[in-house]
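A.B. asks: My structure is below; once you've seen it, I'll send some questions.
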Amino acid sequence: SHISHSQFSHLTISTDPDVTMEMESTSESTATAPADAATTAALTIYGQKLQPEETPEFLSTSQASLTEELEKLPHEKKAGWFKAQEKCPDLVGEEHRLMFLRCELFNAEPAALRICKYWNRRIELFGDNRAFKPIHIGGDGALSSSSTHSSSSNSSEHDDNTANNQSDDEAMVQHTLKGLYLGFIRPTQTHDTGGRAIMFVDPSRLAGYNKNDNDERMGVARALWYVMHNVFEGNDMVQKLGMVVIAHPHHAKISFIDRKLMKMNLDSISGCLPIRMGGFHICQPPWFFGKIIFPIMKVVMPERMRKRVRSHSGSEEKVLENLKEFGLGREVLPSEIGGDVLLDTDAWMREMKSRGL
């Protein structure tokens with residue numbers, strides 16, 4: 001199962017004329033779309049299509065189509081969606097549905113499937129007590145410790161169950177906060193030239209993670225959900241354009257690899273969360289990337305996402321030069337790869353908590 005460098009050389013940046021031609025023809029065909037030149041150029045770098053214009057009539061028709069498609073789905077596929085409508089109607093209104101429509105370019109059928117997969121997975125990850133709260137670490141959020149406390153006066157069986165649930169909830173919150181503090185995935189709070197959000201993934205941060213403990217794995221999986229929600233909720237531009245992932249596995253060790261966690265995270269990104277994936281840049285991959293990581297990505301990633309993976313080897317300066325061609329200048333990149341952005345996970349989490357997010 002050895003994979004030579006040449007076998008995944010399609011991941012590396014090249015000046016292949018076919019790629020150049022494809023980019024040029026895409027730019028030509030989208031020139032009339034209602035977007036400025038920079039956005040159009042940034043989208044065509046990865047072969048993404050532009051969003052349709054969101055007129056009130058178009059949005060109204062799209063919402064109606066989504067409702068129709070949801071009604072067509074078999075009951076067992078939408079159990080989570082039914083529960084969400086019943087338990088947290090405020091969280092599943094038009095704005096929530098719009099995120100899924102934008103993610104699927106207003107194609108109602110895949111948007112309906114995604115929203116159902118999303119709620120089934122959300123309940124699986126956060127449990128029946130927390131899945132129906134906003135995915136926040138502050139306020140009364142799903143990941144706020146204050147949400148677990150309530151008064152209990154006697155030791156009836158009902159109160160015992162409540163206490164057990166609270167204990168489970170508190171453990172879930174603590175494992176997720178640990179996952180967040182690891183800093184495996186962090187938002188840079190910057191954007192590429194086209195307006196996409198930038199996520200920084202550093203697998204070396206998994207040094208503090210026990211891959212044999214499923215509670216810890218679930219904690220990191222929920223941490224990814226928190227970071228994603230923090231970036232796309234309430235952000236129209238990110239919902240329309242999506243995000244770019246910058247992965248820096250340079251200091252990671254082969255022992256850190258957790259296939260189950262990789263599969264959970266890639267499944268969430270490709271099929272559940274309402275986020276468009278622009279590019280996936282792997283910077284200075286270690287020797288085992290081609291042999292172990294890419295074969296897993298190949299199995300789990302949908303083809304359209306695999307085509308957007310780029311691998312950048314060489315010196316820090318060379319990697320930065322390559323990234324600049326994708327609208328990712330030094331000023332928006334983290335210091336870990338030679339950029340100007342200093343990521344402070346603790347300070348960011350304190351700020352989110354204080355803002356009730």
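Naming works like this for the structure tokens: A, B, ... for the chains as they're shown, residue 1 at the start of each chain, ligands 1 onward in shown order.
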Mind checking DSSP for range 54-222 of chain A and telling me the strand (DSSP E) residues as a compact mmCIF listing (two decimals) with N, CA, C and O atoms, in the first residue's frame?

C.D. replies:
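Below is the file that was written, states-v4.txt:
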```
# COMPACT_ATOMS: atom_id res chain seq x y z
N ILE A 185 -7.55 22.72 16.33
CA ILE A 185 -8.15 23.54 15.27
C ILE A 185 -8.51 24.90 15.86
O ILE A 185 -9.13 24.98 16.92
N ARG A 186 -8.05 25.96 15.17
CA ARG A 186 -8.27 27.32 15.68
C ARG A 186 -8.64 28.25 14.53
O ARG A 186 -8.09 28.13 13.43
N PRO A 187 -9.55 29.19 14.78
CA PRO A 187 -9.83 30.18 13.75
C PRO A 187 -8.76 31.27 13.81
O PRO A 187 -8.35 31.69 14.89
N THR A 188 -8.29 31.70 12.65
CA THR A 188 -7.29 32.78 12.64
C THR A 188 -7.96 34.14 12.82
O THR A 188 -7.31 35.14 13.08
N GLN A 189 -9.30 34.18 12.62
CA GLN A 189 -10.09 35.42 12.64
C GLN A 189 -9.65 36.38 11.52
O GLN A 189 -9.78 37.59 11.64
N THR A 190 -9.10 35.78 10.47
CA THR A 190 -8.74 36.54 9.26
C THR A 190 -9.38 35.84 8.07
O THR A 190 -9.99 34.77 8.22
N HIS A 191 -9.26 36.44 6.88
CA HIS A 191 -9.90 35.89 5.68
C HIS A 191 -8.94 35.95 4.50
O HIS A 191 -8.02 36.78 4.48
N ALA A 197 -13.23 32.41 5.46
CA ALA A 197 -12.62 32.29 6.79
C ALA A 197 -11.44 31.33 6.70
O ALA A 197 -11.44 30.41 5.88
N ILE A 198 -10.45 31.55 7.55
CA ILE A 198 -9.27 30.68 7.56
C ILE A 198 -9.24 29.90 8.88
O ILE A 198 -9.34 30.48 9.96
N MET A 199 -9.13 28.57 8.75
CA MET A 199 -8.98 27.70 9.92
C MET A 199 -7.56 27.16 9.93
O MET A 199 -7.06 26.74 8.88
N PHE A 200 -6.95 27.14 11.10
CA PHE A 200 -5.60 26.60 11.21
C PHE A 200 -5.65 25.30 11.99
O PHE A 200 -6.17 25.25 13.11
N VAL A 201 -5.13 24.23 11.38
CA VAL A 201 -5.12 22.91 12.02
C VAL A 201 -3.66 22.51 12.28
O VAL A 201 -2.85 22.50 11.35
```

A.B. asks: Set the distance at 8 Å and use only C-alpha atoms: which residues neighbour range 130-138 of chain A once local chain neighbours fewer than 3 positions away are removed? I'd like the list as a ChimeraX atom specification.

C.D. replies: /A:84,87-88,91,122-123,125-127,141-144,169,226,229-230,352-357

A.B. asks: Given the selection you just returned, output its residues as a file containing N, CA, C and O atoms, formatted as a CSV table (one decimal), in the first residue's frame.

C.D. replies:
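So the final result, stored in part_10.csv, reads:
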```
chain,number,residue,atom,x,y,z
A,84,ALA,N,-35.4,18.7,17.0
A,84,ALA,CA,-35.0,20.1,17.0
A,84,ALA,C,-36.2,21.1,16.9
A,84,ALA,O,-36.3,22.1,17.6
A,87,LYS,N,-38.0,20.9,20.2
A,87,LYS,CA,-37.3,21.3,21.5
A,87,LYS,C,-36.6,22.7,21.4
A,87,LYS,O,-36.4,23.3,22.4
A,88,CYS,N,-36.2,23.1,20.2
A,88,CYS,CA,-35.6,24.4,20.1
A,88,CYS,C,-36.0,25.1,18.8
A,88,CYS,O,-35.2,25.4,17.9
A,91,LEU,N,-34.0,28.0,17.3
A,91,LEU,CA,-32.7,27.7,16.7
A,91,LEU,C,-32.8,27.2,15.2
A,91,LEU,O,-31.8,27.1,14.5
A,122,ARG,N,-25.5,16.2,15.6
A,122,ARG,CA,-25.4,17.1,16.7
A,122,ARG,C,-25.9,16.5,18.0
A,122,ARG,O,-25.3,16.6,19.1
A,123,ILE,N,-27.0,15.7,17.9
A,123,ILE,CA,-27.6,15.0,19.1
A,123,ILE,C,-26.6,13.9,19.5
A,123,ILE,O,-26.4,13.7,20.7
A,125,LEU,N,-23.4,13.9,19.2
A,125,LEU,CA,-22.2,14.5,19.8
A,125,LEU,C,-22.5,15.2,21.2
A,125,LEU,O,-21.7,15.1,22.1
A,126,PHE,N,-23.6,15.9,21.2
A,126,PHE,CA,-23.9,16.8,22.4
A,126,PHE,C,-24.9,16.2,23.4
A,126,PHE,O,-25.1,16.7,24.5
A,127,GLY,N,-25.6,15.1,23.0
A,127,GLY,CA,-26.6,14.5,23.9
A,127,GLY,C,-27.9,15.2,23.9
A,127,GLY,O,-28.0,16.4,23.5
A,141,GLY,N,-25.1,28.3,27.0
A,141,GLY,CA,-24.8,27.5,25.8
A,141,GLY,C,-24.6,26.0,26.1
A,141,GLY,O,-24.5,25.6,27.3
A,142,ALA,N,-24.5,25.2,25.1
A,142,ALA,CA,-24.4,23.8,25.2
A,142,ALA,C,-23.1,23.4,25.9
A,142,ALA,O,-23.0,22.4,26.6
A,143,LEU,N,-22.1,24.3,25.8
A,143,LEU,CA,-20.7,24.0,26.4
A,143,LEU,C,-20.4,24.9,27.6
A,143,LEU,O,-19.3,25.2,27.9
A,144,SER,N,-21.5,25.4,28.2
A,144,SER,CA,-21.3,26.3,29.4
A,144,SER,C,-21.5,25.5,30.7
A,144,SER,O,-22.5,24.8,30.8
A,169,ASP,N,-23.3,15.6,31.7
A,169,ASP,CA,-23.2,16.9,31.0
A,169,ASP,C,-21.9,17.6,31.4
A,169,ASP,O,-21.2,18.1,30.5
A,226,TYR,N,-17.6,23.4,17.7
A,226,TYR,CA,-17.7,24.7,18.3
A,226,TYR,C,-17.0,25.8,17.4
A,226,TYR,O,-17.5,26.9,17.1
A,229,HIS,N,-19.0,26.6,14.2
A,229,HIS,CA,-20.2,27.4,14.5
A,229,HIS,C,-19.7,28.9,14.8
A,229,HIS,O,-20.4,29.8,14.4
A,230,ASN,N,-18.7,29.0,15.6
A,230,ASN,CA,-18.2,30.3,15.9
A,230,ASN,C,-17.9,31.1,14.7
A,230,ASN,O,-18.1,32.4,14.7
A,352,MET,N,-14.7,34.9,23.9
A,352,MET,CA,-16.0,34.2,23.5
A,352,MET,C,-16.9,34.0,24.7
A,352,MET,O,-18.1,34.2,24.6
A,353,LYS,N,-16.3,33.5,25.8
A,353,LYS,CA,-17.1,33.3,27.0
A,353,LYS,C,-17.7,34.5,27.5
A,353,LYS,O,-18.9,34.6,27.9
A,354,SER,N,-16.9,35.6,27.5
A,354,SER,CA,-17.4,36.9,28.1
A,354,SER,C,-18.5,37.5,27.2
A,354,SER,O,-19.4,38.2,27.6
A,355,ARG,N,-18.5,37.1,25.9
A,355,ARG,CA,-19.5,37.6,25.0
A,355,ARG,C,-20.7,36.7,24.9
A,355,ARG,O,-21.6,36.9,24.1
A,356,GLY,N,-20.7,35.6,25.7
A,356,GLY,CA,-21.8,34.6,25.7
A,356,GLY,C,-21.8,33.8,24.4
A,356,GLY,O,-22.9,33.3,24.0
A,357,LEU,N,-20.7,33.6,23.8
A,357,LEU,CA,-20.6,32.9,22.5
A,357,LEU,C,-19.9,31.5,22.7
A,357,LEU,O,-19.2,31.3,23.6
```

A.B. asks: One decimal, Å: what's the distance from CA of Phe280 in chain A over to CA of Met305 in chain A, could you say?

C.D. replies: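 CA of Met305 in chain A lies at a distance of 8.1 Å from CA of Phe280 in chain A.
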
A.B. asks: Mind giving me the straight-line distance from CA of Gly279 in chain A to CA of Arg308 in chain A in Å, one decimal?

C.D. replies: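 Straight-line distance from CA of Gly279 in chain A to CA of Arg308 in chain A works out to 5.0 Å.
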
A.B. asks: Which of these residues is nearest to Ile269 in chain A, using only C-alpha atoms: A:Ala37, A:Met301, A:Leu333, A:Leu73?

C.D. replies: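 Smallest separation from Ile269 in chain A among the options: A:Met301.
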
A.B. asks: So how far away is CA of Ser62 in chain A from CA of Glu95 in chain A, in Å?

C.D. replies: 12.4 Å

A.B. asks: Using only C-alpha atoms, can you tell me which of A:Ala111, A:Leu180, A:Ala347, A:Leu328 comes closest to Gly195 in chain A?

C.D. replies: A:Leu328

A.B. asks: Skipping near chain neighbours, those fewer than 6 positions away, what residues fall within 12 Å of Lys298 in chain A using only C-alpha atoms, listed as a ChimeraX atom specification?

C.D. replies: /A:8,11,262-263,266,290-292,304-309

A.B. asks: Let me see the file: selected residues, N, CA, C and O atoms, as a PDB file, in the first residue's frame.

C.D. replies:
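The result, written out as result07.pdb:
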```pdb
ATOM      1  N   PHE A   8       0.764  10.961  -5.368  1.00  0.00           N
ATOM      2  CA  PHE A   8      -0.157  12.022  -4.922  1.00  0.00           C
ATOM      3  C   PHE A   8       0.379  13.392  -5.301  1.00  0.00           C
ATOM      4  O   PHE A   8       0.075  14.387  -4.690  1.00  0.00           O
ATOM      5  N   LEU A  11      -1.641  16.546  -5.704  1.00  0.00           N
ATOM      6  CA  LEU A  11      -1.946  17.411  -4.572  1.00  0.00           C
ATOM      7  C   LEU A  11      -1.051  18.638  -4.551  1.00  0.00           C
ATOM      8  O   LEU A  11      -1.359  19.617  -3.918  1.00  0.00           O
ATOM      9  N   MET A 262     -10.072  11.426  12.673  1.00  0.00           N
ATOM     10  CA  MET A 262      -9.991  11.990  11.313  1.00  0.00           C
ATOM     11  C   MET A 262     -11.285  11.762  10.557  1.00  0.00           C
ATOM     12  O   MET A 262     -11.822  12.668   9.925  1.00  0.00           O
ATOM     13  N   LYS A 263     -11.794  10.530  10.648  1.00  0.00           N
ATOM     14  CA  LYS A 263     -13.030  10.197   9.920  1.00  0.00           C
ATOM     15  C   LYS A 263     -14.205  11.022  10.460  1.00  0.00           C
ATOM     16  O   LYS A 263     -14.994  11.578   9.682  1.00  0.00           O
ATOM     17  N   LEU A 266     -13.760  14.712   9.245  1.00  0.00           N
ATOM     18  CA  LEU A 266     -13.976  14.885   7.800  1.00  0.00           C
ATOM     19  C   LEU A 266     -15.436  14.632   7.433  1.00  0.00           C
ATOM     20  O   LEU A 266     -15.988  15.307   6.565  1.00  0.00           O
ATOM     21  N   GLY A 290       2.160  10.905   2.990  1.00  0.00           N
ATOM     22  CA  GLY A 290       1.779  10.197   1.769  1.00  0.00           C
ATOM     23  C   GLY A 290       1.403   8.757   1.991  1.00  0.00           C
ATOM     24  O   GLY A 290       0.543   8.210   1.300  1.00  0.00           O
ATOM     25  N   LYS A 291       2.018   8.129   2.994  1.00  0.00           N
ATOM     26  CA  LYS A 291       1.766   6.710   3.236  1.00  0.00           C
ATOM     27  C   LYS A 291       0.509   6.457   4.056  1.00  0.00           C
ATOM     28  O   LYS A 291      -0.161   5.449   3.881  1.00  0.00           O
ATOM     29  N   ILE A 292       0.211   7.354   4.998  1.00  0.00           N
ATOM     30  CA  ILE A 292      -0.857   7.067   5.954  1.00  0.00           C
ATOM     31  C   ILE A 292      -2.025   8.051   5.882  1.00  0.00           C
ATOM     32  O   ILE A 292      -3.180   7.660   5.767  1.00  0.00           O
ATOM     33  N   ARG A 304     -14.952  16.057  -4.825  1.00  0.00           N
ATOM     34  CA  ARG A 304     -14.817  17.497  -5.072  1.00  0.00           C
ATOM     35  C   ARG A 304     -13.915  18.159  -4.022  1.00  0.00           C
ATOM     36  O   ARG A 304     -13.243  19.139  -4.308  1.00  0.00           O
ATOM     37  N   MET A 305     -13.911  17.604  -2.792  1.00  0.00           N
ATOM     38  CA  MET A 305     -13.049  18.168  -1.754  1.00  0.00           C
ATOM     39  C   MET A 305     -11.601  17.712  -1.970  1.00  0.00           C
ATOM     40  O   MET A 305     -10.671  18.496  -1.776  1.00  0.00           O
ATOM     41  N   ARG A 306     -11.422  16.462  -2.373  1.00  0.00           N
ATOM     42  CA  ARG A 306     -10.064  15.947  -2.626  1.00  0.00           C
ATOM     43  C   ARG A 306      -9.351  16.783  -3.678  1.00  0.00           C
ATOM     44  O   ARG A 306      -8.159  17.028  -3.599  1.00  0.00           O
ATOM     45  N   LYS A 307     -10.114  17.248  -4.662  1.00  0.00           N
ATOM     46  CA  LYS A 307      -9.519  18.057  -5.738  1.00  0.00           C
ATOM     47  C   LYS A 307      -9.014  19.404  -5.237  1.00  0.00           C
ATOM     48  O   LYS A 307      -8.270  20.085  -5.923  1.00  0.00           O
ATOM     49  N   ARG A 308      -9.462  19.799  -4.059  1.00  0.00           N
ATOM     50  CA  ARG A 308      -9.080  21.115  -3.529  1.00  0.00           C
ATOM     51  C   ARG A 308      -7.949  21.027  -2.510  1.00  0.00           C
ATOM     52  O   ARG A 308      -7.624  22.021  -1.868  1.00  0.00           O
ATOM     53  N   VAL A 309      -7.382  19.834  -2.345  1.00  0.00           N
ATOM     54  CA  VAL A 309      -6.263  19.668  -1.425  1.00  0.00           C
ATOM     55  C   VAL A 309      -4.974  20.052  -2.140  1.00  0.00           C
ATOM     56  O   VAL A 309      -4.733  19.667  -3.285  1.00  0.00           O
TER      57      VAL A 309
END
```

A.B. asks: Which residue gives the smallest distance to Val299 in chain A among A:Ile246, A:Asp128, A:Lys49, A:Asp267, with only C-alpha atoms counted?

C.D. replies: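 Using only C-alpha atoms, the shortest distance to Val299 in chain A belongs to A:Asp267.
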
A.B. asks: Could you check the closest approach to Leu320 in chain A for each of A:Pro302, A:Gly208, A:Gly139, A:Gly339 and tell me which residue wins, using only C-alpha atoms?

C.D. replies: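 That would be A:Gly339, the residue with the smallest distance to Leu320 in chain A.
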
A.B. asks: Tell me which protein, DNA and RNA residues are within 8 Å of Thr345 in chain A, counting only C-alpha atoms, leaving out same-chain ones fewer than 3 positions away, and put them as a PyMOL selection string.

C.D. replies: chain A and resi 181+183+186+348-349

A.B. asks: Nearest to Pro295 in chain A among A:Val341, A:Ile115, A:Arg259, A:Asp215, with distances taken over only C-alpha atoms: which residue is it?

C.D. replies: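 Of the candidates, the smallest distance to Pro295 in chain A is held by A:Arg259.
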
A.B. asks: Please run DSSP on the backbone and report, as a PyMOL selection string, all residues within range 132-346 of chain A that come out as alpha helix (DSSP H).

C.D. replies: chain A and resi 157-182+214-232+236-241+259-267+294-300+303-306+316-324+345-346

A.B. asks: Need to verify the contact set: Glu104 in chain A, 9 Å, only C-alpha atoms, exclusion of same-chain residues closer than 6 positions in sequence. Can you return it as a VMD selection string?

C.D. replies: chain A and resid 110 to 111 114 274 to 276

A.B. asks: May I ask which of the residues A:Asp202, A:Glu76, A:Glu331, A:Glu317 is the closest one to His281 in chain A, counting only C-alpha atoms?

C.D. replies: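 Nearest to His281 in chain A: A:Asp202.
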
A.B. asks: Pick out the residues sitting within 9 Å of Ser313 in chain A, and hand them over as a ChimeraX atom specification; count only C-alpha atoms, and ignore anything fewer than 5 positions along from it in its own chain.

C.D. replies: /A:12,282-285,318-319
